[in-house]
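Working notes for the structure below.
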Amino acid sequence: MRSSKSEVCIESKKELKRIEWNTVKRIIVFIYYNNRFRKTKIAMQCNMAYDKFLLYLDWMDIMDLIKREIDEDGFEVVSLTERGHNLFSTKFQENKLDLEGQVLHA
């Protein structure tokens, strides 16, 4: 028995199978130092495929690590929530110290 295309509508939404913490760290650190950037720019700077980046961004939004806002040009921009700032401060602080050391030695 054949079913027509109109009868079968299967939504295929990709989901993350596991969370790579190095990837989360890379995104959080970039957003921390570059607040209110557009999604495409963040994905490019983090060297990620845009579709994979969106999956991480959705997960981070669910975890209340980021917030999405519309800028004056009508584009969606991303910034860290208080919880995202806390994650950076408690787990990713060594990056801040490394970057400050590089600035002082430059």
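Ligands are numbered from 1 in the order shown, chains are lettered A, B, ... in the order of the structure tokens, and residues start at 1 in each chain.
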Could you name the residues that touch range 38-55 of chain A at 10 Å or less, counting only C-alpha atoms, but leaving out those on the same chain fewer than 2 positions away, as a list in words?
Lys13, Lys14, Glu15, Leu16, Thr23, Val24, Arg26, Ile27, Ile28, Val29, Phe30, Ile31, Asn34, Asn35, Arg36, Leu57, Asp58, Trp59, Met60, Asp61, Arg68, Glu69, Ile70, Asp71, Phe75, Glu76, Val77, Val78 and Ser79 of chain A
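Taking CA of Glu72 in chain A and CA of Phe37 in chain A as the two end points, the separation is 12.5 Å.
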Rounded to one decimal place, report the CA of Thr90 in chain A-CA of Lys25 in chain A distance in Å.
11.8 Å
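Between CA of Lys17 in chain A and CA of Asn86 in chain A there is a distance of 25.2 Å.
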